$ cat start-v1.txt   # compact mmCIF, C-alpha atoms and all ligand atoms
# COMPACT_ATOMS: atom_id res chain seq x y z
CA MET A 824 235.64 -28.09 73.81
CA LYS A 825 233.91 -28.70 70.47
CA LEU A 826 235.88 -29.16 67.25
CA GLN A 827 235.05 -29.50 63.55
CA LYS A 828 236.73 -30.77 60.43
CA THR A 829 239.28 -28.31 59.04
CA THR A 830 240.64 -27.69 55.54
CA LYS A 831 244.30 -26.84 56.20
CA LEU A 832 246.90 -25.98 58.85
CA ARG A 833 249.33 -23.14 58.16
CA GLY A 834 251.83 -21.09 60.11
CA THR A 835 254.48 -21.33 62.78
CA VAL A 836 254.06 -22.65 66.30
CA THR A 837 256.39 -22.79 69.27
CA VAL A 838 255.50 -25.64 71.60
CA PRO A 839 256.11 -25.23 75.34
CA GLY A 840 259.18 -26.55 77.16
CA ASP A 841 259.81 -30.26 77.55
CA LYS A 842 257.96 -31.74 80.53
CA SER A 843 260.60 -34.33 81.47
CA ILE A 844 263.44 -31.81 81.27
CA SER A 845 261.47 -29.13 83.16
CA HIS A 846 260.85 -31.51 86.09
CA ARG A 847 264.50 -32.51 86.24
CA SER A 848 265.74 -28.92 86.03
CA VAL A 849 263.90 -27.94 89.23
CA MET A 850 264.78 -31.18 91.04
CA PHE A 851 268.50 -31.16 90.29
CA ALA A 852 268.80 -27.38 90.80
CA SER A 853 267.24 -27.84 94.25
CA LEU A 854 270.02 -30.33 95.13
CA ALA A 855 272.76 -28.11 93.69
CA GLU A 856 274.65 -25.37 95.50
CA GLY A 857 273.77 -21.86 94.33
CA THR A 858 271.11 -20.30 92.15
CA SER A 859 270.14 -21.99 88.90
CA GLU A 860 268.29 -20.02 86.23
CA ILE A 861 265.89 -22.01 84.07
CA THR A 862 264.32 -20.64 80.88
CA ASN A 863 261.48 -22.01 78.72
CA PHE A 864 260.29 -23.99 81.76
CA LEU A 865 256.95 -25.72 81.14
CA GLU A 866 254.29 -24.06 83.31
CA GLY A 867 252.00 -27.08 83.05
CA ALA A 868 250.27 -28.51 86.11
CA ASP A 869 252.70 -31.46 86.41
CA CYS A 870 255.83 -29.32 86.58
CA LEU A 871 254.10 -26.88 88.93
CA SER A 872 253.55 -29.89 91.23
CA THR A 873 257.31 -30.45 91.24
CA ILE A 874 257.92 -26.79 92.16
CA ASP A 875 255.31 -27.04 94.94
CA CYS A 876 256.91 -30.19 96.41
CA PHE A 877 260.41 -28.66 96.46
CA ARG A 878 259.12 -25.46 98.03
CA ARG A 879 257.59 -27.59 100.79
CA LEU A 880 261.00 -29.24 101.15
CA GLY A 881 262.46 -25.83 101.99
CA ILE A 882 263.77 -24.71 98.60
CA SER A 883 263.19 -21.11 97.58
CA ILE A 884 261.94 -21.11 93.98
CA ARG A 885 260.88 -18.00 92.07
CA LEU A 886 258.65 -18.51 89.05
CA GLN A 887 257.79 -15.58 86.79
CA PRO A 888 254.33 -16.71 85.66
CA GLY A 889 253.78 -16.75 81.91
CA MET A 890 257.49 -16.19 81.22
CA GLY A 891 258.82 -19.75 81.65
CA LYS A 892 261.56 -18.31 83.88
CA VAL A 893 262.44 -20.04 87.14
CA SER A 894 265.18 -19.26 89.69
CA VAL A 895 265.96 -22.09 92.06
CA HIS A 896 268.03 -21.34 95.16
CA GLY A 897 269.57 -24.77 95.65
CA ARG A 898 270.69 -25.84 99.12
CA GLY A 899 272.99 -28.70 98.14
CA LEU A 900 272.54 -32.46 98.41
CA HIS A 901 271.81 -32.30 102.15
CA GLY A 902 269.82 -29.07 102.26
CA LEU A 903 266.23 -30.33 102.05
CA LYS A 904 264.04 -29.71 105.11
CA VAL A 905 261.28 -31.86 106.56
CA PRO A 906 257.96 -30.69 105.05
CA ASP A 907 255.11 -29.90 107.42
CA THR A 908 252.47 -31.54 105.19
CA THR A 909 251.98 -34.49 102.85
CA LEU A 910 253.64 -33.81 99.49
CA ASP A 911 251.03 -33.67 96.71
CA THR A 912 252.39 -34.69 93.29
CA GLY A 913 249.02 -34.14 91.56
CA ASN A 914 248.80 -36.13 88.30
CA SER A 915 252.58 -36.40 87.90
CA GLY A 916 254.22 -39.83 87.91
CA THR A 917 257.61 -38.24 87.19
CA THR A 918 257.37 -36.08 90.33
CA LEU A 919 256.31 -38.97 92.55
CA ARG A 920 258.83 -41.53 91.30
CA LEU A 921 261.92 -39.30 91.01
CA LEU A 922 261.19 -37.58 94.31
CA SER A 923 260.90 -40.99 96.02
CA GLY A 924 264.48 -41.73 95.00
CA ILE A 925 265.70 -38.46 96.54
CA LEU A 926 263.59 -38.73 99.70
CA SER A 927 264.70 -42.32 100.40
CA ALA A 928 268.09 -40.92 101.42
CA GLN A 929 267.11 -37.93 103.59
CA ASN A 930 267.27 -37.82 107.38
CA PHE A 931 263.51 -37.30 107.82
CA SER A 932 260.26 -39.01 106.89
CA VAL A 933 257.60 -37.89 104.41
CA ARG A 934 254.20 -38.90 103.09
CA LEU A 935 253.64 -38.55 99.34
CA THR A 936 250.42 -38.75 97.42
CA GLY A 937 248.64 -37.39 94.34
CA ASP A 938 245.33 -37.39 92.48
CA ALA A 939 242.99 -40.35 91.80
CA SER A 940 244.94 -41.42 88.68
CA ILE A 941 248.33 -41.39 90.42
CA GLN A 942 246.94 -43.45 93.30
CA LYS A 943 246.24 -46.26 90.82
CA ARG A 944 249.67 -46.25 89.15
CA PRO A 945 252.23 -48.93 90.06
CA MET A 946 254.90 -47.82 92.52
CA GLN A 947 256.26 -51.31 93.27
CA ARG A 948 258.65 -50.76 90.37
CA ILE A 949 260.48 -48.08 92.40
CA MET A 950 259.80 -49.55 95.85
CA GLU A 951 261.61 -52.78 94.98
CA PRO A 952 264.98 -51.33 93.85
CA LEU A 953 264.92 -48.53 96.43
CA SER A 954 264.25 -51.08 99.20
CA GLN A 955 267.20 -53.14 97.93
CA MET A 956 269.31 -50.01 98.43
CA GLY A 957 268.12 -49.85 102.05
CA ALA A 958 265.19 -47.44 101.68
CA GLN A 959 262.29 -47.63 104.14
CA ILE A 960 259.39 -47.13 101.77
CA ALA A 961 255.83 -48.35 102.24
CA SER A 962 252.55 -48.14 100.36
CA GLU A 963 250.01 -46.93 102.91
CA LYS A 964 247.19 -49.12 101.55
CA GLU A 965 249.63 -52.00 100.91
CA ASN A 966 248.51 -52.09 97.27
CA GLY A 967 251.84 -51.01 95.75
CA CYS A 968 250.42 -47.54 95.01
CA ALA A 969 250.51 -44.05 96.57
CA PRO A 970 250.09 -42.75 99.23
CA LEU A 971 253.70 -43.68 99.99
CA PHE A 972 255.40 -43.27 103.32
CA ILE A 973 259.17 -42.85 103.14
CA GLN A 974 261.46 -42.88 106.14
CA GLY A 975 264.88 -41.67 104.97
CA ALA A 976 267.74 -44.12 105.61
CA PRO A 977 271.40 -44.73 104.71
CA LEU A 978 271.57 -46.31 101.24
CA ARG A 979 273.93 -48.78 99.59
CA GLY A 980 274.85 -48.91 95.90
CA ILE A 981 273.33 -51.72 93.82
CA HIS A 982 273.34 -52.95 90.25
CA TYR A 983 269.68 -53.21 89.29
CA THR A 984 268.32 -54.71 86.08
CA THR A 985 264.84 -53.50 85.09
CA ARG A 986 262.27 -55.67 83.31
CA THR A 987 260.81 -52.72 81.37
CA ALA A 988 262.58 -49.64 80.02
CA SER A 989 261.43 -46.78 82.26
CA ALA A 990 263.19 -43.46 82.70
CA GLN A 991 261.21 -42.79 85.86
CA VAL A 992 262.47 -46.00 87.49
CA LYS A 993 266.03 -45.50 86.20
CA SER A 994 266.07 -41.89 87.41
CA ALA A 995 264.67 -42.74 90.87
CA ILE A 996 267.48 -45.27 91.35
CA LEU A 997 270.20 -42.91 90.04
CA LEU A 998 268.99 -40.10 92.31
CA ALA A 999 269.07 -42.43 95.33
CA GLY A 1000 272.54 -43.43 94.08
CA LEU A 1001 273.71 -39.82 94.60
CA TYR A 1002 273.50 -40.62 98.32
CA ALA A 1003 274.58 -44.29 98.37
CA ASP A 1004 277.80 -45.68 99.87
CA GLY A 1005 279.16 -46.89 96.52
CA ILE A 1006 278.48 -47.05 92.80
CA THR A 1007 274.86 -47.59 91.66
CA LYS A 1008 274.08 -49.05 88.23
CA VAL A 1009 270.85 -49.53 86.30
CA THR A 1010 270.63 -51.81 83.26
CA GLU A 1011 267.50 -51.58 81.09
CA PRO A 1012 266.26 -53.99 78.39
CA CYS A 1013 266.46 -51.07 75.95
CA LEU A 1014 267.31 -47.43 76.40
CA SER A 1015 264.68 -45.13 77.96
CA ARG A 1016 264.93 -41.32 77.78
CA ASN A 1017 268.33 -40.19 79.11
CA HIS A 1018 267.59 -36.63 80.27
CA SER A 1019 268.57 -37.45 83.87
CA GLU A 1020 271.98 -38.78 82.86
CA ILE A 1021 272.65 -35.72 80.65
CA MET A 1022 271.49 -33.14 83.19
CA LEU A 1023 272.98 -34.77 86.30
CA ARG A 1024 276.36 -34.74 84.53
CA LEU A 1025 275.85 -31.07 83.64
CA PHE A 1026 275.27 -30.26 87.33
CA GLY A 1027 278.55 -32.06 88.15
CA ALA A 1028 277.44 -35.57 89.15
CA ASP A 1029 279.69 -38.51 88.26
CA VAL A 1030 277.39 -40.30 85.80
CA SER A 1031 278.59 -42.66 83.10
CA THR A 1032 276.75 -44.73 80.53
CA GLU A 1033 277.58 -47.79 78.49
CA GLY A 1034 274.97 -49.35 76.22
CA THR A 1035 271.78 -49.61 78.24
CA THR A 1036 273.56 -49.30 81.61
CA ALA A 1037 273.78 -46.00 83.48
CA ALA A 1038 276.01 -45.66 86.54
CA ILE A 1039 276.42 -43.02 89.23
CA ARG A 1040 279.23 -42.64 91.77
CA PRO A 1041 278.40 -40.61 94.87
CA GLY A 1042 280.71 -38.04 96.42
CA ARG A 1043 280.47 -35.04 94.10
CA THR A 1044 278.61 -31.87 95.03
CA LEU A 1045 276.19 -30.47 92.43
CA THR A 1046 276.68 -26.88 91.27
CA ALA A 1047 274.04 -24.41 90.01
CA ARG A 1048 273.67 -24.08 86.24
CA LYS A 1049 271.76 -22.18 83.57
CA ILE A 1050 269.28 -24.48 81.84
CA HIS A 1051 267.36 -23.69 78.66
CA VAL A 1052 264.58 -26.25 78.21
CA PRO A 1053 263.98 -27.28 74.56
CA GLY A 1054 260.41 -27.52 73.22
CA ASP A 1055 258.57 -30.75 74.03
CA ILE A 1056 258.53 -33.24 71.13
CA SER A 1057 255.59 -34.95 72.86
CA SER A 1058 253.60 -31.70 72.46
CA ALA A 1059 254.92 -31.17 68.91
CA ALA A 1060 253.61 -34.65 68.03
CA TYR A 1061 249.98 -33.40 67.86
CA PHE A 1062 250.92 -30.81 65.24
CA ILE A 1063 253.13 -33.28 63.35
CA ALA A 1064 250.06 -35.53 63.10
CA ALA A 1065 247.59 -32.75 62.33
CA ALA A 1066 249.70 -31.18 59.55
CA SER A 1067 250.47 -34.61 58.06
CA LEU A 1068 246.79 -35.61 57.99
CA VAL A 1069 244.94 -32.43 57.02
CA PRO A 1070 245.38 -31.83 53.25
CA HIS A 1071 247.06 -28.60 52.01
CA SER A 1072 248.92 -28.11 55.30
CA GLU A 1073 252.40 -26.76 55.86
CA ILE A 1074 253.63 -25.71 59.28
CA CYS A 1075 256.86 -24.96 61.11
CA ILE A 1076 257.22 -26.17 64.69
CA GLN A 1077 260.08 -24.22 66.27
CA ASN A 1078 262.67 -25.33 68.81
CA VAL A 1079 261.67 -28.97 69.29
CA GLY A 1080 263.85 -31.31 71.37
CA ILE A 1081 265.08 -34.19 69.20
CA ASN A 1082 267.10 -36.21 71.73
CA PRO A 1083 267.43 -39.67 70.06
CA THR A 1084 265.88 -41.37 73.12
CA ARG A 1085 262.75 -39.26 72.56
CA ASN A 1086 262.39 -38.80 68.81
CA GLY A 1087 260.78 -42.11 67.82
CA ILE A 1088 257.71 -40.18 66.64
CA LEU A 1089 259.80 -38.77 63.77
CA GLN A 1090 260.89 -42.24 62.70
CA ALA A 1091 257.42 -43.78 63.04
CA ALA A 1092 255.70 -40.88 61.26
CA LYS A 1093 258.26 -41.01 58.43
CA ALA A 1094 257.73 -44.80 58.17
CA MET A 1095 254.04 -43.96 57.61
CA GLY A 1096 254.98 -41.60 54.78
CA ALA A 1097 255.02 -38.28 56.68
CA ASP A 1098 256.87 -35.32 55.12
CA ILE A 1099 259.03 -33.87 57.92
CA THR A 1100 262.16 -31.79 57.41
CA LEU A 1101 264.53 -30.80 60.23
CA GLU A 1102 266.13 -27.36 60.03
CA ASN A 1103 268.44 -25.35 62.24
CA ILE A 1104 269.68 -28.36 64.26
CA ARG A 1105 271.64 -27.32 67.38
CA THR A 1106 272.69 -28.70 70.76
CA ASP A 1107 272.39 -26.88 74.08
CA ASN A 1108 273.70 -28.49 77.28
CA GLY A 1109 273.70 -31.94 75.66
CA GLU A 1110 270.11 -31.79 74.37
CA ALA A 1111 269.62 -31.46 70.59
CA SER A 1112 266.75 -29.46 69.11
CA ALA A 1113 265.54 -28.41 65.66
CA ASP A 1114 262.75 -26.62 63.80
CA LEU A 1115 260.42 -29.09 62.11
CA ILE A 1116 258.73 -28.37 58.78
CA VAL A 1117 255.73 -30.64 58.32
CA ARG A 1118 253.67 -30.87 55.12
CA SER A 1119 250.58 -32.98 54.50
CA ALA A 1120 251.26 -36.40 53.00
CA ALA A 1121 249.46 -39.62 52.09
CA LEU A 1122 250.00 -41.91 55.07
CA HIS A 1123 250.09 -45.70 55.13
CA GLY A 1124 250.16 -48.28 57.92
CA THR A 1125 253.32 -49.46 59.67
CA GLU A 1126 254.56 -51.68 62.51
CA ILE A 1127 255.76 -50.07 65.73
CA GLY A 1128 257.47 -52.19 68.39
CA GLY A 1129 260.72 -53.28 70.06
CA SER A 1130 263.32 -50.75 71.16
CA LEU A 1131 261.47 -47.95 69.33
CA ILE A 1132 258.66 -48.09 71.92
CA PRO A 1133 260.37 -46.24 74.83
CA THR A 1134 261.39 -43.46 72.39
CA LEU A 1135 257.75 -42.72 71.51
CA ILE A 1136 255.81 -44.15 74.45
CA ASP A 1137 253.84 -40.94 75.10
CA GLU A 1138 253.18 -40.48 71.36
CA LEU A 1139 251.40 -43.80 70.83
CA PRO A 1140 247.92 -42.27 71.33
CA ILE A 1141 248.51 -39.69 68.57
CA LEU A 1142 250.20 -42.34 66.38
CA ALA A 1143 247.02 -44.41 66.75
CA VAL A 1144 245.06 -41.43 65.41
CA MET A 1145 247.44 -41.12 62.45
CA ALA A 1146 247.02 -44.87 61.84
CA ALA A 1147 243.23 -44.54 61.86
CA PHE A 1148 243.41 -42.18 58.86
CA ALA A 1149 246.32 -43.96 57.13
CA ASP A 1150 245.75 -46.56 54.41
CA GLY A 1151 246.28 -50.14 55.53
CA THR A 1152 247.02 -51.76 58.86
CA THR A 1153 249.18 -50.45 61.69
CA VAL A 1154 250.34 -52.83 64.41
CA ILE A 1155 251.58 -51.44 67.73
CA ARG A 1156 253.26 -54.08 69.92
CA ASP A 1157 255.54 -54.31 72.99
CA ALA A 1158 253.65 -51.39 74.52
CA ALA A 1159 251.88 -52.96 77.54
CA GLU A 1160 253.17 -49.96 79.54
CA LEU A 1161 250.36 -47.94 77.94
CA LYS A 1162 247.96 -49.61 80.38
CA VAL A 1163 249.60 -47.92 83.40
CA LYS A 1164 249.94 -44.35 82.15
CA GLU A 1165 247.64 -41.47 83.21
CA SER A 1166 244.84 -43.74 81.92
CA ASN A 1167 244.80 -47.22 80.37
CA ARG A 1168 245.74 -45.82 76.98
CA ILE A 1169 245.17 -49.07 75.08
CA ASP A 1170 241.56 -49.33 76.25
CA VAL A 1171 240.80 -45.61 76.12
CA MET A 1172 242.18 -45.18 72.58
CA THR A 1173 240.40 -48.31 71.35
CA GLU A 1174 237.08 -47.33 72.89
CA ASN A 1175 237.11 -43.75 71.58
CA LEU A 1176 238.47 -44.44 68.09
CA ARG A 1177 235.85 -47.18 67.70
CA THR A 1178 233.14 -44.66 68.72
CA MET A 1179 234.31 -42.50 65.81
CA GLY A 1180 233.94 -45.46 63.38
CA CYS A 1181 237.50 -46.83 63.32
CA ASP A 1182 238.29 -50.52 62.85
CA ILE A 1183 240.58 -51.03 65.87
CA GLU A 1184 241.39 -53.95 68.12
CA ALA A 1185 243.11 -53.87 71.53
CA THR A 1186 245.82 -56.50 72.09
CA PRO A 1187 247.57 -57.34 75.39
CA ASP A 1188 250.55 -55.17 74.44
CA GLY A 1189 249.21 -52.70 71.90
CA MET A 1190 246.63 -52.13 69.17
CA ILE A 1191 245.85 -53.24 65.63
CA ILE A 1192 244.37 -50.42 63.58
CA ARG A 1193 242.90 -51.02 60.13
CA GLY A 1194 243.01 -47.48 58.81
CA GLY A 1195 241.52 -45.52 55.98
CA ARG A 1196 237.82 -45.56 56.86
CA PRO A 1197 236.17 -42.13 57.13
CA LEU A 1198 235.59 -41.28 60.81
CA HIS A 1199 232.72 -39.26 62.24
CA GLY A 1200 232.65 -36.83 65.16
CA ALA A 1201 231.64 -38.15 68.58
CA VAL A 1202 231.62 -37.36 72.28
CA ILE A 1203 235.02 -38.48 73.58
CA ASP A 1204 235.75 -39.67 77.10
CA SER A 1205 239.40 -38.72 77.64
CA HIS A 1206 239.44 -40.13 81.20
CA ALA A 1207 241.08 -36.83 82.28
CA ASP A 1208 244.20 -37.91 80.36
CA HIS A 1209 245.86 -34.91 78.66
CA ARG A 1210 247.41 -36.98 75.85
CA ILE A 1211 244.07 -38.61 75.01
CA ALA A 1212 242.29 -35.23 74.88
CA MET A 1213 244.93 -33.73 72.54
CA SER A 1214 244.96 -36.84 70.32
CA PHE A 1215 241.19 -36.60 69.78
CA ALA A 1216 241.37 -32.86 69.13
CA VAL A 1217 243.54 -33.84 66.14
CA ALA A 1218 241.19 -36.68 65.12
CA ALA A 1219 238.35 -34.13 65.19
CA LEU A 1220 240.07 -32.04 62.48
CA MET A 1221 239.68 -34.97 60.06
CA ALA A 1222 236.29 -36.38 61.15
CA ASP A 1223 232.89 -35.58 59.63
CA GLY A 1224 230.64 -33.55 61.95
CA GLU A 1225 231.35 -32.27 65.41
CA THR A 1226 233.61 -33.82 68.07
CA CYS A 1227 232.98 -32.94 71.68
CA LEU A 1228 235.76 -33.20 74.28
CA PRO A 1229 234.30 -32.83 77.77
CA GLY A 1230 236.95 -32.23 80.43
CA SER A 1231 239.38 -30.90 77.82
CA GLU A 1232 240.98 -28.62 80.43
CA CYS A 1233 243.15 -31.64 81.38
CA VAL A 1234 245.48 -30.54 78.53
CA SER A 1235 246.92 -28.05 81.05
CA ILE A 1236 248.87 -30.95 82.58
CA SER A 1237 251.42 -30.63 79.77
CA TYR A 1238 250.22 -27.94 77.32
CA PRO A 1239 248.03 -25.16 78.75
CA GLY A 1240 247.90 -23.22 75.42
CA PHE A 1241 247.20 -26.25 73.21
CA PHE A 1242 243.75 -25.29 71.90
CA ALA A 1243 244.78 -21.68 71.27
CA ASP A 1244 247.79 -22.85 69.22
CA LEU A 1245 245.72 -25.43 67.32
CA HIS A 1246 243.02 -22.88 66.45
CA ARG A 1247 245.62 -20.39 65.24
CA LEU A 1248 247.17 -22.95 62.85
CA ALA A 1249 243.76 -24.08 61.58
CA ASN A 1250 242.53 -20.55 60.74
C1 LIG B 1 258.92 -39.86 81.81
C2 LIG B 1 259.12 -41.17 81.48
C3 LIG B 1 258.06 -41.99 80.84
C4 LIG B 1 256.97 -41.12 80.22
C5 LIG B 1 256.52 -40.04 81.15
C6 LIG B 1 257.68 -39.14 81.51
C7 LIG B 1 260.03 -39.13 82.49
O1 LIG B 1 257.48 -42.81 81.82
O2 LIG B 1 255.88 -41.93 79.85
O3 LIG B 1 255.50 -39.27 80.56
O4 LIG B 1 260.00 -37.89 82.56
O5 LIG B 1 260.96 -39.80 82.97
P1 LIG B 1 258.13 -44.24 82.23
O6 LIG B 1 259.45 -43.98 82.78
O7 LIG B 1 257.22 -44.79 83.29
O8 LIG B 1 258.11 -45.06 80.98
$ encode --input "start-v1.txt" --output "structure tokens"
Amino acid sequence: MKLQKTTKLRGTVTVPGDKSISHRSVMFASLAEGTSEITNFLEGADCLSTIDCFRRLGISIRLQPGMGKVSVHGRGLHGLKVPDTTLDTGNSGTTLRLLSGILSAQNFSVRLTGDASIQKRPMQRIMEPLSQMGAQIASEKENGCAPLFIQGAPLRGIHYTTRTASAQVKSAILLAGLYADGITKVTEPCLSRNHSEIMLRLFGADVSTEGTTAAIRPGRTLTARKIHVPGDISSAAYFIAAASLVPHSEICIQNVGINPTRNGILQAAKAMGADITLENIRTDNGEASADLIVRSAALHGTEIGGSLIPTLIDELPILAVMAAFADGTTVIRDAAELKVKESNRIDVMTENLRTMGCDIEATPDGMIIRGGRPLHGAVIDSHADHRIAMSFAVAALMADGETCLPGSECVSISYPGFFADLHRLAN
């Protein structure tokens, strides 16, 4: 993919369904009794990995390709079957970690793996709490990473306190807690995305929350539901940035999920001077969404850290791009988690933005970006990380000359139609 500077963005765009909510819809529907109908499901590679894994676990799932419509014929909490192959989670950390929580409690054993990136990501963070619950879970290479071998076992409820806010860890523990012999609680240092708590409750699970503690009591059966997935704010973030940065822009991004545990990008962008208006705010099954009107604005640097970080963790690459074009210095701190995402996002952002001429420094837990210099096009190495590729597609719209994104097809992990939508707005 090659991209050039553009003069304005105009029009309306509808981003695809939320990735986190799409994963959970298929997982929880598989464990529910009856047929759940899901609409606006994200047909990105990660969520297709979740469908593939649950099909291999004996669940009948009908996907109408291109329509975002999925019917899941759930078989109840104890209806999964032993798969006849290794489960392949592809590039998806959410699939691997949440599934591990569920599989820890089954009466069969499974081997789980994924692509080269997933095999480098830390799994000790789920292995430790799940083992405390009684799970038999081992890293095949004994390096704390996938492939994982899980031998299902009876589980006991625990109260686990996490060191880092992570919805994947919290959700893995809560899902194991569905099968434990007593109450299971997870306390986080600050609140991570709460889609699991909201949707598990919708399916009938006994989930309660207080502050940064989520608790689940076993014993309830889950019942099929209709789920409409809101648009993904993490995908909307690229257009929020692009329309803010490119002069003379005005766009409408329709049907974007604005759950408060996910919408930190709105706060951070507004702190930088972005002009974002929310219209048509509504709530469906506990998840709020809105249409976003974004107009170009003069941006300035800001500080991003603390409890805001989990609410915009996946948006830090695109926020770094905004910071590169904003006047003044932006400091991102408390974000060491960026090192263990699909790529080391601190190093990869620093390396590539510097190649384009940006004054940027990597720190142990973030980045310091001295913005406002003109950037020039370059060849970007996205390390097959979808969020890096999309972030630099936006940077390209503001840079002098041509930007080349080899391997840009990785955007299909979370947003298969990204370049088509971007080109439409820029023309
Ligand atoms: C996700 C949680 C976050 C996020 C990831 C999706 C989820 O990861 O970065 O893209 O769906 O629960 P962590 O829980 O590891 O922070």
$ closest_atom_pairs --input "start-v1.txt" --of "chain A" --to "ligand LIG 1 (chain B)" --cutoff "9 Å" --atoms "all atoms listed in the file" --output "JSON lines"
{"residue": "A:Lys842", "atom": "CA", "partner": "B:LIG1", "partner_atom": "O4", "distance": 6.8}
{"residue": "A:Ser843", "atom": "CA", "partner": "B:LIG1", "partner_atom": "O4", "distance": 3.8}
{"residue": "A:Ile844", "atom": "CA", "partner": "B:LIG1", "partner_atom": "O4", "distance": 7.1}
{"residue": "A:Ser845", "atom": "CA", "partner": "B:LIG1", "partner_atom": "O4", "distance": 8.9}
{"residue": "A:His846", "atom": "CA", "partner": "B:LIG1", "partner_atom": "O4", "distance": 7.3}
{"residue": "A:Arg847", "atom": "CA", "partner": "B:LIG1", "partner_atom": "O4", "distance": 7.9}
{"residue": "A:Ser915", "atom": "CA", "partner": "B:LIG1", "partner_atom": "O3", "distance": 8.4}
{"residue": "A:Gly916", "atom": "CA", "partner": "B:LIG1", "partner_atom": "C5", "distance": 7.1}
{"residue": "A:Thr917", "atom": "CA", "partner": "B:LIG1", "partner_atom": "O4", "distance": 5.2}
{"residue": "A:Thr918", "atom": "CA", "partner": "B:LIG1", "partner_atom": "O4", "distance": 8.4}
{"residue": "A:Arg920", "atom": "CA", "partner": "B:LIG1", "partner_atom": "O5", "distance": 8.8}
{"residue": "A:Leu921", "atom": "CA", "partner": "B:LIG1", "partner_atom": "O5", "distance": 8.1}
{"residue": "A:Thr987", "atom": "CA", "partner": "B:LIG1", "partner_atom": "O8", "distance": 8.1}
{"residue": "A:Ala988", "atom": "CA", "partner": "B:LIG1", "partner_atom": "O8", "distance": 6.5}
{"residue": "A:Ser989", "atom": "CA", "partner": "B:LIG1", "partner_atom": "O6", "distance": 3.5}
{"residue": "A:Ala990", "atom": "CA", "partner": "B:LIG1", "partner_atom": "O6", "distance": 3.8}
{"residue": "A:Gln991", "atom": "CA", "partner": "B:LIG1", "partner_atom": "O6", "distance": 3.7}
{"residue": "A:Val992", "atom": "CA", "partner": "B:LIG1", "partner_atom": "O6", "distance": 5.9}
{"residue": "A:Lys993", "atom": "CA", "partner": "B:LIG1", "partner_atom": "O6", "distance": 7.6}
{"residue": "A:Ser994", "atom": "CA", "partner": "B:LIG1", "partner_atom": "O5", "distance": 7.1}
{"residue": "A:Ser1015", "atom": "CA", "partner": "B:LIG1", "partner_atom": "O6", "distance": 7.2}
{"residue": "A:Arg1016", "atom": "CA", "partner": "B:LIG1", "partner_atom": "O5", "distance": 6.7}
{"residue": "A:Asn1017", "atom": "CA", "partner": "B:LIG1", "partner_atom": "O5", "distance": 8.3}
{"residue": "A:His1018", "atom": "CA", "partner": "B:LIG1", "partner_atom": "O5", "distance": 7.8}
{"residue": "A:Ser1019", "atom": "CA", "partner": "B:LIG1", "partner_atom": "O5", "distance": 8.0}
{"residue": "A:Ser1057", "atom": "CA", "partner": "B:LIG1", "partner_atom": "O3", "distance": 8.8}
{"residue": "A:Pro1133", "atom": "CA", "partner": "B:LIG1", "partner_atom": "O8", "distance": 6.7}
{"residue": "A:Leu1135", "atom": "CA", "partner": "B:LIG1", "partner_atom": "O2", "distance": 8.6}
{"residue": "A:Ile1136", "atom": "CA", "partner": "B:LIG1", "partner_atom": "O2", "distance": 5.8}
{"residue": "A:Asp1137", "atom": "CA", "partner": "B:LIG1", "partner_atom": "O2", "distance": 5.3}
{"residue": "A:Glu1160", "atom": "CA", "partner": "B:LIG1", "partner_atom": "O8", "distance": 7.1}
{"residue": "A:Leu1161", "atom": "CA", "partner": "B:LIG1", "partner_atom": "O2", "distance": 8.4}
{"residue": "A:Val1163", "atom": "CA", "partner": "B:LIG1", "partner_atom": "O7", "distance": 8.2}
{"residue": "A:Lys1164", "atom": "CA", "partner": "B:LIG1", "partner_atom": "O2", "distance": 6.8}
{"residue": "A:Glu1165", "atom": "CA", "partner": "B:LIG1", "partner_atom": "O3", "distance": 8.6}
$ residues_around --input "start-v1.txt" --residues "stretch 1144-1156 of chain A" --least-positions-apart "6" --cutoff "6 Å" --atoms "only C-alpha atoms" --output "list in words"
Leu1122, His1123, Gly1124, Thr1125, Glu1126, Ile1127, Gly1128, Asp1188, Gly1189, Met1190, Ile1191, Ile1192, Arg1193, Gly1194 and Gly1195 of chain A
$ residues_around --input "start-v1.txt" --residues "A:Ile861" --least-positions-apart "2" --cutoff "12 Å" --atoms "all atoms listed in the file" --output "JSON, numbers by chain"
{"A": [840, 844, 845, 846, 847, 848, 849, 850, 851, 852, 853, 858, 859, 863, 864, 865, 866, 884, 885, 886, 887, 890, 891, 892, 893, 894, 895, 896, 1047, 1048, 1049, 1050, 1051, 1052, 1053]}
$ residues_around --input "start-v1.txt" --residues "A:Arg1118" --least-positions-apart "3" --cutoff "7 Å" --atoms "only C-alpha atoms" --output "list of chain:residue names"
A:Ala1066, A:Ser1067, A:Ser1072, A:Glu1073, A:Ile1074, A:Asp1098, A:Ile1099
$ atom_distance --input "start-v1.txt" --atom1 "atom CA of A:Arg1085" --atom2 "atom CA of A:Gly937"
26.0 Å
$ residues_around --input "start-v1.txt" --residues "stretch 1025-1041 of chain A" --least-positions-apart "2" --cutoff "10 Å" --atoms "all atoms listed in the file" --output "ChimeraX atom specification"
/A:848,851-852,854-856,859,980-984,988,993-994,996-1015,1017,1019-1023,1043-1050,1108-1109
$ closest_residue --input "start-v1.txt" --among "A:Leu935, A:Phe1062, A:Arg1196, A:Gly975" --to "A:Ser962" --atoms "only C-alpha atoms"
A:Leu935
$ closest_residue --input "start-v1.txt" --among "A:Cys876, A:Ala1249, A:Leu1115, A:Ala961" --to "A:Glu1102" --atoms "only C-alpha atoms"
A:Leu1115
$ closest_residue --input "start-v1.txt" --among "A:Thr1178, A:Asn1250, A:Ser1112, A:Gln942" --to "A:Gln827" --atoms "only C-alpha atoms"
A:Asn1250
